[in-house]
$ cat upload_17.cif   # mmCIF, C-alpha atoms (C1' of nucleotides)
data_data
loop_
_atom_site.group_PDB
_atom_site.id
_atom_site.type_symbol
_atom_site.label_atom_id
_atom_site.label_comp_id
_atom_site.auth_asym_id
_atom_site.auth_seq_id
_atom_site.Cartn_x
_atom_site.Cartn_y
_atom_site.Cartn_z
ATOM 1 C CA MET A 435 28.270 -35.462 -9.006
ATOM 2 C CA GLN A 436 25.961 -38.287 -10.044
ATOM 3 C CA TRP A 437 22.516 -37.225 -11.201
ATOM 4 C CA GLU A 438 20.208 -40.214 -11.468
ATOM 5 C CA ASP A 439 17.811 -40.117 -14.387
ATOM 6 C CA LYS A 440 14.192 -40.530 -13.244
ATOM 7 C CA GLN A 441 12.530 -39.657 -16.558
ATOM 8 C CA THR A 442 10.931 -36.267 -15.829
ATOM 9 C CA TYR A 443 13.408 -35.386 -13.117
ATOM 10 C CA LEU A 444 16.957 -35.942 -11.938
ATOM 11 C CA GLU A 445 17.977 -36.907 -8.423
ATOM 12 C CA ALA A 446 21.276 -36.701 -6.562
ATOM 13 C CA GLY A 447 22.453 -37.048 -3.004
ATOM 14 C CA SER A 448 23.111 -33.694 -1.370
ATOM 15 C CA PRO A 449 26.892 -33.405 -0.816
ATOM 16 C CA SER A 450 28.362 -33.003 2.649
ATOM 17 C CA HIS A 451 29.097 -29.431 3.766
ATOM 18 C CA PHE A 452 26.294 -28.215 1.507
ATOM 19 C CA ARG A 453 23.226 -26.449 2.809
ATOM 20 C CA PHE A 454 20.610 -25.777 0.162
ATOM 21 C CA ASP A 455 19.002 -23.169 2.401
ATOM 22 C CA GLU A 456 22.203 -21.092 2.353
ATOM 23 C CA THR A 457 22.132 -21.190 -1.449
ATOM 24 C CA LEU A 458 18.520 -19.993 -1.286
ATOM 25 C CA VAL A 459 19.486 -17.074 0.958
ATOM 26 C CA PHE A 460 21.971 -15.973 -1.684
ATOM 27 C CA LEU A 461 19.549 -16.449 -4.570
ATOM 28 C CA LYS A 462 16.932 -14.338 -2.787
ATOM 29 C CA ARG A 463 19.212 -11.443 -1.896
ATOM 30 C CA SER A 464 17.809 -9.014 -4.476
ATOM 31 C CA ASP A 465 14.161 -8.513 -5.376
ATOM 32 C CA GLN A 466 15.360 -7.231 -8.755
ATOM 33 C CA GLU A 467 16.818 -10.607 -9.740
ATOM 34 C CA ILE A 468 14.910 -11.874 -12.768
ATOM 35 C CA LEU A 469 17.182 -14.684 -14.002
ATOM 36 C CA HIS A 470 15.667 -17.093 -11.512
ATOM 37 C CA LEU A 471 12.668 -17.280 -9.216
ATOM 38 C CA VAL A 472 12.555 -18.703 -5.702
ATOM 39 C CA LYS A 473 9.216 -19.963 -4.367
ATOM 40 C CA GLY A 474 9.401 -21.512 -0.923
ATOM 41 C CA ARG A 475 12.377 -23.883 -1.070
ATOM 42 C CA THR A 476 12.290 -24.324 -4.847
ATOM 43 C CA VAL A 477 14.306 -22.446 -7.474
ATOM 44 C CA PHE A 478 12.920 -21.996 -11.001
ATOM 45 C CA LYS A 479 15.039 -21.101 -14.005
ATOM 46 C CA ALA A 480 14.890 -21.069 -17.780
ATOM 47 C CA LEU A 481 17.876 -21.658 -20.084
ATOM 48 C CA ARG A 482 18.383 -21.670 -23.822
ATOM 49 C CA LEU A 483 20.456 -24.356 -25.499
ATOM 50 C CA GLU A 484 20.720 -24.247 -29.272
ATOM 51 C CA ASP A 485 17.152 -24.004 -30.544
ATOM 52 C CA GLU A 486 15.267 -24.941 -27.406
ATOM 53 C CA VAL A 487 14.270 -23.247 -24.170
ATOM 54 C CA VAL A 488 14.072 -25.438 -21.091
ATOM 55 C CA LEU A 489 12.346 -24.552 -17.830
ATOM 56 C CA PHE A 490 13.330 -26.469 -14.715
ATOM 57 C CA SER A 491 13.161 -26.315 -10.945
ATOM 58 C CA ILE A 492 15.575 -27.354 -8.232
ATOM 59 C CA THR A 493 14.660 -28.354 -4.722
ATOM 60 C CA GLU A 494 15.961 -30.381 -1.841
ATOM 61 C CA GLU A 495 14.173 -32.823 0.394
ATOM 62 C CA ASP A 496 15.427 -35.427 2.884
ATOM 63 C CA GLY A 497 19.054 -34.950 1.892
ATOM 64 C CA LYS A 498 18.420 -35.278 -1.825
ATOM 65 C CA LEU A 499 18.507 -32.717 -4.612
ATOM 66 C CA TYR A 500 15.936 -32.786 -7.398
ATOM 67 C CA ILE A 501 15.939 -31.139 -10.810
ATOM 68 C CA GLN A 502 12.478 -31.244 -12.332
ATOM 69 C CA PHE A 503 11.783 -30.493 -15.998
ATOM 70 C CA LEU A 504 8.666 -28.389 -16.306
ATOM 71 C CA ASN A 505 7.921 -27.580 -19.942
ATOM 72 C CA GLY A 506 8.027 -31.069 -21.382
ATOM 73 C CA LYS A 507 11.571 -30.842 -22.692
ATOM 74 C CA PHE A 508 13.927 -33.412 -21.246
ATOM 75 C CA ASN A 509 15.862 -35.340 -23.847
ATOM 76 C CA LYS A 510 19.351 -36.532 -22.971
ATOM 77 C CA ALA A 511 21.138 -33.443 -24.321
ATOM 78 C CA ILE A 512 18.899 -31.195 -22.231
ATOM 79 C CA LYS A 513 19.316 -33.311 -19.115
ATOM 80 C CA ASP A 514 23.097 -33.332 -19.454
ATOM 81 C CA PHE A 515 23.218 -29.601 -20.052
ATOM 82 C CA VAL A 516 20.977 -28.717 -17.101
ATOM 83 C CA ALA A 517 22.666 -31.182 -14.738
ATOM 84 C CA ASP A 518 26.041 -29.704 -15.641
ATOM 85 C CA TYR A 519 24.708 -26.173 -15.267
ATOM 86 C CA VAL A 520 23.268 -26.793 -11.799
ATOM 87 C CA THR A 521 26.377 -28.661 -10.640
ATOM 88 C CA LYS A 522 28.497 -25.645 -11.604
ATOM 89 C CA TRP A 523 25.959 -23.078 -10.403
ATOM 90 C CA PHE A 524 26.003 -24.432 -6.849
ATOM 91 C CA ASP A 525 29.592 -25.760 -6.961
ATOM 92 C CA LEU A 526 28.299 -29.192 -5.962
ATOM 93 C CA GLU A 527 31.265 -31.195 -7.178
ATOM 94 C CA ARG A 528 33.813 -29.631 -4.848
ATOM 95 C CA ASP A 529 35.204 -31.429 -1.832
ATOM 96 C CA VAL A 530 35.246 -28.527 0.623
ATOM 97 C CA GLU A 531 36.429 -30.585 3.605
ATOM 98 C CA PRO A 532 39.991 -29.113 3.437
ATOM 99 C CA PHE A 533 38.524 -25.607 3.564
ATOM 100 C CA TYR A 534 36.575 -26.387 6.750
ATOM 101 C CA GLN A 535 39.711 -27.897 8.256
ATOM 102 C CA LEU A 536 41.677 -24.693 7.780
ATOM 103 C CA ALA A 537 38.771 -22.350 8.511
ATOM 104 C CA GLN A 538 38.142 -23.893 11.924
ATOM 105 C CA GLN A 539 41.689 -22.916 12.889
ATOM 106 C CA ASP A 540 41.475 -19.434 11.377
ATOM 107 C CA PRO A 541 40.659 -16.454 13.623
ATOM 108 C CA TYR A 542 38.778 -14.631 10.863
ATOM 109 C CA LEU A 543 36.793 -17.586 9.548
ATOM 110 C CA LYS A 544 36.099 -19.924 12.445
ATOM 111 C CA ASP A 545 32.924 -18.185 13.616
ATOM 112 C CA LEU A 546 31.713 -17.578 10.073
ATOM 113 C CA VAL A 547 31.971 -21.226 8.993
ATOM 114 C CA LYS A 548 30.006 -22.174 12.071
ATOM 115 C CA THR A 549 27.255 -19.610 11.517
ATOM 116 C CA TYR A 550 26.955 -20.072 7.751
ATOM 117 C CA SER A 551 27.985 -23.710 7.564
ATOM 118 C CA GLY A 552 27.190 -25.285 4.207
ATOM 119 C CA LEU A 553 27.498 -22.066 2.213
ATOM 120 C CA ARG A 554 29.038 -22.571 -1.222
ATOM 121 C CA VAL A 555 30.020 -20.367 -4.123
ATOM 122 C CA VAL A 556 26.914 -19.632 -6.154
ATOM 123 C CA GLY A 557 28.448 -19.303 -9.579
ATOM 124 C CA ILE A 558 27.595 -17.790 -12.949
ATOM 125 C CA PRO A 559 28.170 -20.679 -15.375
ATOM 126 C CA ASP A 560 27.419 -18.519 -18.440
ATOM 127 C CA LEU A 561 30.697 -16.740 -19.289
ATOM 128 C CA PHE A 562 29.111 -13.764 -21.024
ATOM 129 C CA GLU A 563 26.721 -13.236 -18.117
ATOM 130 C CA ALA A 564 29.653 -13.379 -15.698
ATOM 131 C CA PHE A 565 31.523 -10.701 -17.665
ATOM 132 C CA VAL A 566 28.536 -8.390 -17.974
ATOM 133 C CA TRP A 567 27.577 -8.734 -14.323
ATOM 134 C CA ALA A 568 31.123 -8.115 -13.119
ATOM 135 C CA ILE A 569 31.631 -5.104 -15.377
ATOM 136 C CA ALA A 570 28.238 -3.608 -14.606
ATOM 137 C CA GLY A 571 28.985 -3.934 -10.894
ATOM 138 C CA GLN A 572 32.333 -2.155 -10.953
ATOM 139 C CA GLN A 573 32.497 0.719 -8.473
ATOM 140 C CA ILE A 574 28.759 1.021 -7.841
ATOM 141 C CA ASN A 575 26.589 -0.328 -5.070
ATOM 142 C CA LEU A 576 24.914 -3.706 -5.493
ATOM 143 C CA THR A 577 21.422 -2.233 -5.655
ATOM 144 C CA PHE A 578 22.306 -0.174 -8.691
ATOM 145 C CA ALA A 579 24.238 -3.096 -10.194
ATOM 146 C CA TYR A 580 21.071 -5.207 -10.005
ATOM 147 C CA THR A 581 19.099 -2.358 -11.587
ATOM 148 C CA LEU A 582 21.542 -2.290 -14.506
ATOM 149 C CA LYS A 583 21.415 -6.057 -14.941
ATOM 150 C CA ARG A 584 17.620 -6.133 -14.822
ATOM 151 C CA ARG A 585 17.339 -3.404 -17.454
ATOM 152 C CA PHE A 586 19.917 -5.152 -19.654
ATOM 153 C CA VAL A 587 18.128 -8.500 -19.486
ATOM 154 C CA GLN A 588 14.669 -7.000 -19.994
ATOM 155 C CA ARG A 589 15.883 -4.965 -22.946
ATOM 156 C CA PHE A 590 17.928 -7.617 -24.766
ATOM 157 C CA GLY A 591 17.114 -11.024 -23.272
ATOM 158 C CA GLU A 592 14.380 -13.436 -24.191
ATOM 159 C CA LYS A 593 11.590 -14.576 -21.949
ATOM 160 C CA LEU A 594 9.420 -17.582 -21.385
ATOM 161 C CA ASP A 595 5.944 -17.085 -19.954
ATOM 162 C CA TRP A 596 4.792 -20.120 -18.031
ATOM 163 C CA GLU A 597 1.850 -20.564 -15.704
ATOM 164 C CA GLY A 598 1.576 -16.902 -14.791
ATOM 165 C CA GLU A 599 5.300 -16.244 -14.294
ATOM 166 C CA THR A 600 7.884 -14.728 -16.608
ATOM 167 C CA TYR A 601 11.301 -16.391 -16.845
ATOM 168 C CA TRP A 602 14.040 -14.247 -18.377
ATOM 169 C CA ILE A 603 17.090 -15.653 -20.142
ATOM 170 C CA PHE A 604 20.362 -13.768 -20.350
ATOM 171 C CA PRO A 605 21.056 -12.515 -23.912
ATOM 172 C CA GLN A 606 23.615 -14.262 -26.111
ATOM 173 C CA PRO A 607 26.791 -12.373 -27.122
ATOM 174 C CA ALA A 608 25.666 -12.395 -30.780
ATOM 175 C CA VAL A 609 22.638 -10.294 -29.845
ATOM 176 C CA ILE A 610 24.649 -7.715 -27.906
ATOM 177 C CA ALA A 611 27.474 -7.536 -30.468
ATOM 178 C CA ASP A 612 25.241 -5.700 -32.915
ATOM 179 C CA VAL A 613 23.274 -3.390 -30.621
ATOM 180 C CA ASN A 614 23.712 0.353 -30.779
ATOM 181 C CA ILE A 615 25.906 1.465 -27.912
ATOM 182 C CA GLU A 616 23.554 4.368 -27.224
ATOM 183 C CA ILE A 617 20.831 1.922 -26.217
ATOM 184 C CA VAL A 618 23.119 0.409 -23.586
ATOM 185 C CA ARG A 619 24.042 3.886 -22.378
ATOM 186 C CA ASP A 620 20.357 4.713 -22.089
ATOM 187 C CA LEU A 621 20.095 1.893 -19.532
ATOM 188 C CA GLN A 622 22.557 4.018 -17.477
ATOM 189 C CA PHE A 623 25.668 2.003 -18.155
ATOM 190 C CA SER A 624 28.572 4.452 -18.299
ATOM 191 C CA SER A 625 30.028 4.939 -21.788
ATOM 192 C CA ARG A 626 33.081 2.962 -20.750
ATOM 193 C CA LYS A 627 31.116 0.015 -19.395
ATOM 194 C CA ALA A 628 28.949 -0.043 -22.512
ATOM 195 C CA GLU A 629 32.103 -0.193 -24.638
ATOM 196 C CA TYR A 630 33.579 -3.018 -22.561
ATOM 197 C CA VAL A 631 30.387 -5.080 -22.818
ATOM 198 C CA LEU A 632 30.066 -4.610 -26.580
ATOM 199 C CA ASP A 633 33.756 -5.402 -27.157
ATOM 200 C CA ILE A 634 33.449 -8.639 -25.209
ATOM 201 C CA ALA A 635 30.195 -9.558 -26.970
ATOM 202 C CA LYS A 636 31.907 -9.134 -30.352
ATOM 203 C CA LYS A 637 34.907 -11.214 -29.282
ATOM 204 C CA MET A 638 32.637 -14.007 -28.067
ATOM 205 C CA ARG A 639 30.439 -13.903 -31.162
ATOM 206 C CA ASP A 640 33.526 -14.072 -33.381
ATOM 207 C CA GLY A 641 34.958 -16.951 -31.378
ATOM 208 C CA THR A 642 38.164 -15.132 -30.421
ATOM 209 C CA LEU A 643 37.027 -15.413 -26.810
ATOM 210 C CA SER A 644 35.409 -18.677 -25.721
ATOM 211 C CA LEU A 645 34.794 -20.735 -22.630
ATOM 212 C CA GLN A 646 36.179 -23.914 -24.238
ATOM 213 C CA GLU A 647 39.487 -22.276 -25.105
ATOM 214 C CA LEU A 648 39.861 -20.653 -21.690
ATOM 215 C CA GLU A 649 38.885 -23.788 -19.746
ATOM 216 C CA GLU A 650 42.099 -25.475 -20.842
ATOM 217 C CA LYS A 651 44.272 -22.948 -19.049
ATOM 218 C CA SER A 652 45.713 -22.984 -15.542
ATOM 219 C CA TYR A 653 44.962 -20.211 -13.039
ATOM 220 C CA PRO A 654 47.904 -17.903 -13.896
ATOM 221 C CA GLU A 655 47.451 -18.343 -17.664
ATOM 222 C CA LEU A 656 43.740 -17.780 -17.398
ATOM 223 C CA LYS A 657 44.145 -14.668 -15.290
ATOM 224 C CA LYS A 658 46.662 -13.276 -17.751
ATOM 225 C CA ALA A 659 44.280 -13.970 -20.636
ATOM 226 C CA LEU A 660 41.424 -12.200 -18.843
ATOM 227 C CA LEU A 661 43.571 -9.200 -17.913
ATOM 228 C CA SER A 662 44.380 -8.649 -21.588
ATOM 229 C CA ILE A 663 40.709 -7.891 -22.251
ATOM 230 C CA ARG A 664 39.719 -4.226 -22.080
ATOM 231 C CA GLY A 665 37.509 -3.585 -19.047
ATOM 232 C CA ILE A 666 38.885 -6.544 -17.085
ATOM 233 C CA GLY A 667 41.247 -5.558 -14.307
ATOM 234 C CA ALA A 668 42.536 -7.585 -11.371
ATOM 235 C CA TRP A 669 39.264 -7.503 -9.438
ATOM 236 C CA THR A 670 37.076 -8.553 -12.379
ATOM 237 C CA ALA A 671 39.504 -11.277 -13.479
ATOM 238 C CA ASP A 672 39.465 -12.948 -10.066
ATOM 239 C CA TYR A 673 35.734 -12.424 -9.695
ATOM 240 C CA VAL A 674 35.091 -14.222 -13.004
ATOM 241 C CA LEU A 675 37.592 -16.973 -12.143
ATOM 242 C CA MET A 676 35.682 -17.542 -8.920
ATOM 243 C CA LYS A 677 32.115 -17.284 -10.267
ATOM 244 C CA CYS A 678 32.407 -18.819 -13.727
ATOM 245 C CA PHE A 679 35.486 -21.023 -13.628
ATOM 246 C CA GLN A 680 34.851 -22.240 -10.051
ATOM 247 C CA MET A 681 38.459 -21.662 -9.040
ATOM 248 C CA PRO A 682 38.653 -21.921 -5.236
ATOM 249 C CA ASN A 683 41.926 -19.977 -5.143
ATOM 250 C CA ALA A 684 40.565 -16.951 -7.025
ATOM 251 C CA PHE A 685 40.800 -13.911 -4.780
ATOM 252 C CA PRO A 686 39.562 -10.416 -5.673
ATOM 253 C CA ILE A 687 41.707 -8.941 -2.927
ATOM 254 C CA ALA A 688 40.876 -5.285 -3.614
ATOM 255 C CA ASP A 689 37.157 -5.989 -3.204
ATOM 256 C CA ALA A 690 35.343 -3.392 -1.127
ATOM 257 C CA GLY A 691 33.165 -6.041 0.503
ATOM 258 C CA ILE A 692 36.152 -8.073 1.702
ATOM 259 C CA HIS A 693 37.646 -4.916 3.196
ATOM 260 C CA GLN A 694 34.385 -4.006 4.880
ATOM 261 C CA ALA A 695 33.868 -7.486 6.334
ATOM 262 C CA LEU A 696 37.393 -7.603 7.771
ATOM 263 C CA LYS A 697 37.002 -4.062 9.078
ATOM 264 C CA GLN A 698 34.085 -5.260 11.199
ATOM 265 C CA GLN A 699 36.275 -7.924 12.778
ATOM 266 C CA LEU A 700 39.403 -5.788 13.214
ATOM 267 C CA SER A 701 37.553 -2.503 13.931
ATOM 268 C CA TRP A 702 39.884 -0.699 11.538
ATOM 269 C CA LYS A 703 40.096 -0.824 7.783
ATOM 270 C CA PRO A 704 42.904 -3.158 6.647
ATOM 271 C CA THR A 705 45.218 -2.346 3.749
ATOM 272 C CA VAL A 706 45.629 -4.708 0.826
ATOM 273 C CA GLU A 707 48.980 -5.776 2.298
ATOM 274 C CA GLU A 708 47.405 -6.656 5.641
ATOM 275 C CA ILE A 709 44.719 -8.675 3.885
ATOM 276 C CA ALA A 710 47.337 -10.500 1.812
ATOM 277 C CA ASN A 711 49.051 -11.364 5.065
ATOM 278 C CA ILE A 712 45.862 -12.592 6.721
ATOM 279 C CA ALA A 713 45.009 -14.581 3.594
ATOM 280 C CA LYS A 714 48.238 -16.578 3.646
ATOM 281 C CA ASN A 715 46.384 -19.021 5.834
ATOM 282 C CA TRP A 716 43.638 -19.407 3.221
ATOM 283 C CA ALA A 717 45.954 -20.602 0.445
ATOM 284 C CA GLY A 718 44.006 -22.525 -2.168
ATOM 285 C CA TRP A 719 40.651 -21.550 -0.667
ATOM 286 C CA GLU A 720 40.606 -17.767 -1.007
ATOM 287 C CA ALA A 721 37.347 -17.813 -2.959
ATOM 288 C CA TYR A 722 35.623 -19.702 -0.147
ATOM 289 C CA ALA A 723 37.043 -17.340 2.481
ATOM 290 C CA THR A 724 35.690 -14.485 0.364
ATOM 291 C CA ILE A 725 32.128 -15.773 0.159
ATOM 292 C CA PHE A 726 31.975 -16.313 3.912
ATOM 293 C CA LEU A 727 33.206 -12.743 4.460
ATOM 294 C CA TRP A 728 30.614 -11.438 1.998
ATOM 295 C CA ARG A 729 27.951 -13.512 3.699
ATOM 296 C CA SER A 730 28.758 -11.827 7.009
ATOM 297 C CA LEU A 731 27.774 -8.474 5.471
ATOM 298 C CA TYR A 732 24.153 -9.322 4.880
ATOM 299 C CA GLU A 733 23.214 -9.972 8.501
ATOM 300 C "C1'" DC B 1340 26.842 17.897 1.492
ATOM 301 C "C1'" DA B 1341 30.653 14.629 1.462
ATOM 302 C "C1'" DC B 1342 31.979 9.994 0.778
ATOM 303 C "C1'" DC B 1343 31.753 5.275 -0.406
ATOM 304 C "C1'" DA B 1344 29.969 1.417 -3.413
ATOM 305 C "C1'" DG B 1345 31.692 -6.244 -5.023
ATOM 306 C "C1'" DG B 1346 37.049 -0.761 -10.485
ATOM 307 C "C1'" DC B 1347 38.932 0.497 -14.689
ATOM 308 C "C1'" DA B 1348 41.517 2.782 -18.385
ATOM 309 C "C1'" DA B 1349 43.289 6.887 -20.012
ATOM 310 C "C1'" DA B 1350 45.438 10.988 -18.956
ATOM 311 C "C1'" DC B 1351 48.764 13.059 -16.507
ATOM 312 C "C1'" DC B 1352 52.784 14.328 -14.232
ATOM 313 C "C1'" DG C 798 57.016 4.719 -14.003
ATOM 314 C "C1'" DG C 799 53.635 5.740 -10.428
ATOM 315 C "C1'" DT C 800 49.661 8.702 -9.437
ATOM 316 C "C1'" DT C 801 45.318 11.156 -10.516
ATOM 317 C "C1'" DT C 802 40.896 11.606 -12.721
ATOM 318 C "C1'" DG C 803 36.304 10.722 -14.994
ATOM 319 C "C1'" DC C 804 32.665 7.706 -15.157
ATOM 320 C "C1'" DA C 805 27.295 6.913 -13.335
ATOM 321 C "C1'" DT C 806 24.050 6.751 -9.603
ATOM 322 C "C1'" DG C 807 22.191 5.185 -5.043
ATOM 323 C "C1'" DG C 808 22.893 4.735 -0.150
ATOM 324 C "C1'" DT C 809 24.518 6.518 4.265
#
$ encode --input "upload_17.cif" --output "C-alpha cells"
Amino acid sequence: MQWEDKQTYLEAGSPSHFRFDETLVFLKRSDQEILHLVKGRTVFKALRLEDEVVLFSITEEDGKLYIQFLNGKFNKAIKDFVADYVTKWFDLERDVEPFYQLAQQDPYLKDLVKTYSGLRVVGIPDLFEAFVWAIAGQQINLTFAYTLKRRFVQRFGEKLDWEGETYWIFPQPAVIADVNIEIVRDLQFSSRKAEYVLDIAKKMRDGTLSLQELEEKSYPELKKALLSIRGIGAWTADYVLMKCFQMPNAFPIADAGIHQALKQQLSWKPTVEEIANIAKNWAGWEAYATIFLWRSLYE
DNA sequence: CACCAGGCAAACC
DNA sequence: GGTTTGCATGGT
C-alpha cells in the first residue's frame, strides 16, 4: 500500500475489491461507538503515539483514499504510524482476488459477495483493544458489549476535544494494570472478565505479552500462544487473529453469528461439524467468509 | 417466563 | 477425561 505524502495529507489509490462505503456501514453499526466518528463519508479518529495525540480523517473520492491530519501534527513518524494503522484497520494491503474466485463458486457465499462486494475485514490494530473487546463481548449480545466498551473507554481512556466533538482514545495497558478490579466490575464486567482484562493489561505492561513478539509467529504457534492466556479460548484466539493480526485463515467456528447466518441459508441450525465441512471450500479465507456471513445478519 | 447472545474457566462427575 | 455450571445483562 503506497501512501503518497502531500504535506498535510496522504493519498493512495483505492485497491480493487474494496468499497469504502461498506467499511462505513460497519463503522456506523453502533451508535455507542466512541473510538471513531463518521460524518457523511468521512471517518475521524484520534490516536496516541508516545507523547503526542494525533487527530486525522479518512475519506474516499474518485477512487482515491485520503488521510488528512487535522490538529497540526504530521511529522514523518506520525504519518508512518497513521498510514500503517489505517492500512491494517481496513485490511487494504490484501489481495482478495483469490477469495472472490472461490466465493463465486461457493453456494453459501456467491450471493453474499455479490450483494456486499468490496467488504473487507475492519480490524482492531491495537492488540490490547482487540483483547478487551473480544473478552467483553463473550457470551453477551453486541448491544451490551458496546455498552461495556463505551463505559470502559470513558472511564479509563483519554479524550481530545476538537471543534465541538470529543474523540476518545483506548486506554493503554499500563493504565489498566493498576486499576482496582472493583471499578471494572462496577462497569458491569463480570468478575471473571474483569480478572482476564487486568491480567492481560499487566502482562502487556510488563512486556511478557507484546505485539512485536507475537507478530513473528505463524498461525498455529500464535494460536497456541493466545490459548495459553487466561480468558482466551478458541473463539477469542481466532477472533483476535482475524481482527488484530489480519490472518485471513482465522476462523472462530463456534461463533454464534456464523451459526445464525448459516441457519438462515439452510433453514436449520448447523452443528460445528457441518460448518467445518462447509468451510473446507473456504480454506485460507475463512476470516473473509466469516465477515460476509456476519454482514448478512445486519440486513 | 424461557432462551439466546460474536464464551470461558473452574468445578464436577 | 468429558460434561455441567456460574457469570452478567439485554433482546426476543
$ closest_atom_pairs --input "upload_17.cif" --of "chain A" --to "chain B" --cutoff "12 Å" --atoms "only C-alpha atoms (C1' of nucleotides)" --output "tab-separated table"
residue	atom	partner	partner_atom	distance
A:Trp567	CA	B:DG1345	C1'	10.5
A:Ala568	CA	B:DG1345	C1'	8.3
A:Ile569	CA	B:DG1346	C1'	8.5
A:Ala570	CA	B:DG1346	C1'	10.1
A:Gly571	CA	B:DG1345	C1'	6.9
A:Gln572	CA	B:DG1346	C1'	4.9
A:Gln573	CA	B:DG1346	C1'	5.2
A:Ile574	CA	B:DA1344	C1'	4.6
A:Asn575	CA	B:DA1344	C1'	4.1
A:Leu576	CA	B:DG1345	C1'	7.3
A:Thr577	CA	B:DA1344	C1'	9.6
A:Phe578	CA	B:DA1344	C1'	9.4
A:Ala579	CA	B:DG1345	C1'	9.6
A:Tyr580	CA	B:DG1345	C1'	11.8
A:Ser624	CA	B:DC1347	C1'	11.7
A:Arg626	CA	B:DA1348	C1'	8.8
A:Lys627	CA	B:DC1347	C1'	9.1
A:Glu629	CA	B:DA1348	C1'	11.7
A:Tyr630	CA	B:DC1347	C1'	10.1
A:Leu661	CA	B:DC1347	C1'	11.2
A:Ile663	CA	B:DA1348	C1'	11.4
A:Arg664	CA	B:DA1348	C1'	8.1
A:Gly665	CA	B:DC1347	C1'	6.1
A:Ile666	CA	B:DC1347	C1'	7.4
A:Gly667	CA	B:DC1347	C1'	6.5
A:Ala668	CA	B:DG1346	C1'	8.8
A:Trp669	CA	B:DG1346	C1'	7.2
A:Thr670	CA	B:DG1346	C1'	8.0
A:Ala671	CA	B:DG1346	C1'	11.2
A:Asp672	CA	B:DG1345	C1'	11.4
A:Tyr673	CA	B:DG1345	C1'	8.7
A:Val674	CA	B:DG1345	C1'	11.8
A:Phe685	CA	B:DG1345	C1'	11.9
A:Pro686	CA	B:DG1345	C1'	8.9
A:Ile687	CA	B:DG1345	C1'	10.6
A:Ala688	CA	B:DG1346	C1'	9.1
A:Asp689	CA	B:DG1345	C1'	5.8
A:Ala690	CA	B:DG1345	C1'	6.1
A:Gly691	CA	B:DG1345	C1'	5.7
A:Ile692	CA	B:DG1345	C1'	8.3
A:His693	CA	B:DG1345	C1'	10.2
A:Gln694	CA	B:DG1345	C1'	10.5
A:Ala695	CA	B:DG1345	C1'	11.6
A:Thr724	CA	B:DG1345	C1'	10.6
A:Ile725	CA	B:DG1345	C1'	10.9
A:Leu727	CA	B:DG1345	C1'	11.6
A:Trp728	CA	B:DG1345	C1'	8.8
A:Arg729	CA	B:DG1345	C1'	12.0
A:Leu731	CA	B:DG1345	C1'	11.4
$ resolve_selection --input "upload_17.cif" --expression "the PyMOL selection byres ((chain C) within 10 of (chain A))" --output "list in words"
DC804, DA805, DT806, DG807 and DG808 of chain C
$ atom_distance --input "upload_17.cif" --atom1 "atom CA of Ile634 of chain A" --atom2 "atom CA of Glu720 of chain A"
26.8 Å
$ atom_distance --input "upload_17.cif" --atom1 "atom CA of Gln502 of chain A" --atom2 "atom CA of Leu594 of chain A"
16.7 Å
$ residues_near_point --input "upload_17.cif" --point "(35.4, -13.9, -26.2)" --cutoff "10 Å" --atoms "all atoms listed in the file" --output "ChimeraX atom specification"
/A:561-562,565,607,633-645,647-648,660,663
$ atom_distance --input "upload_17.cif" --atom1 "atom CA of Leu481 of chain A" --atom2 "atom CA of Arg619 of chain A"
26.4 Å
$ closest_residue --input "upload_17.cif" --among "A:Phe524, A:Tyr732, A:Tyr542, A:Tyr443" --to "Leu504 of chain A" --atoms "all atoms listed in the file"
A:Tyr443
$ residues_around --input "upload_17.cif" --residues "Gly591 of chain A" --least-positions-apart "2" --cutoff "9 Å" --atoms "only C-alpha atoms (C1' of nucleotides)" --output "MDAnalysis selection string"
chainID A and resid 586:589 593 602:606 609
$ resolve_selection --input "upload_17.cif" --expression "the PyMOL selection byres ((chain A and resi 480) around 6)" --output "MDAnalysis selection string"
chainID A and resid 479 481 488:489 601
$ resolve_selection --input "upload_17.cif" --expression "the PyMOL selection byres ((chain A and resi 495) around 10)" --output "JSON, numbers by chain"
{"A": [447, 448, 454, 475, 493, 494, 496, 497, 498, 499, 500]}
$ closest_residue --input "upload_17.cif" --among "A:Asn715, A:Thr705, A:Gln646, A:Thr521" --to "Gln535 of chain A" --atoms "all atoms listed in the file"
A:Asn715
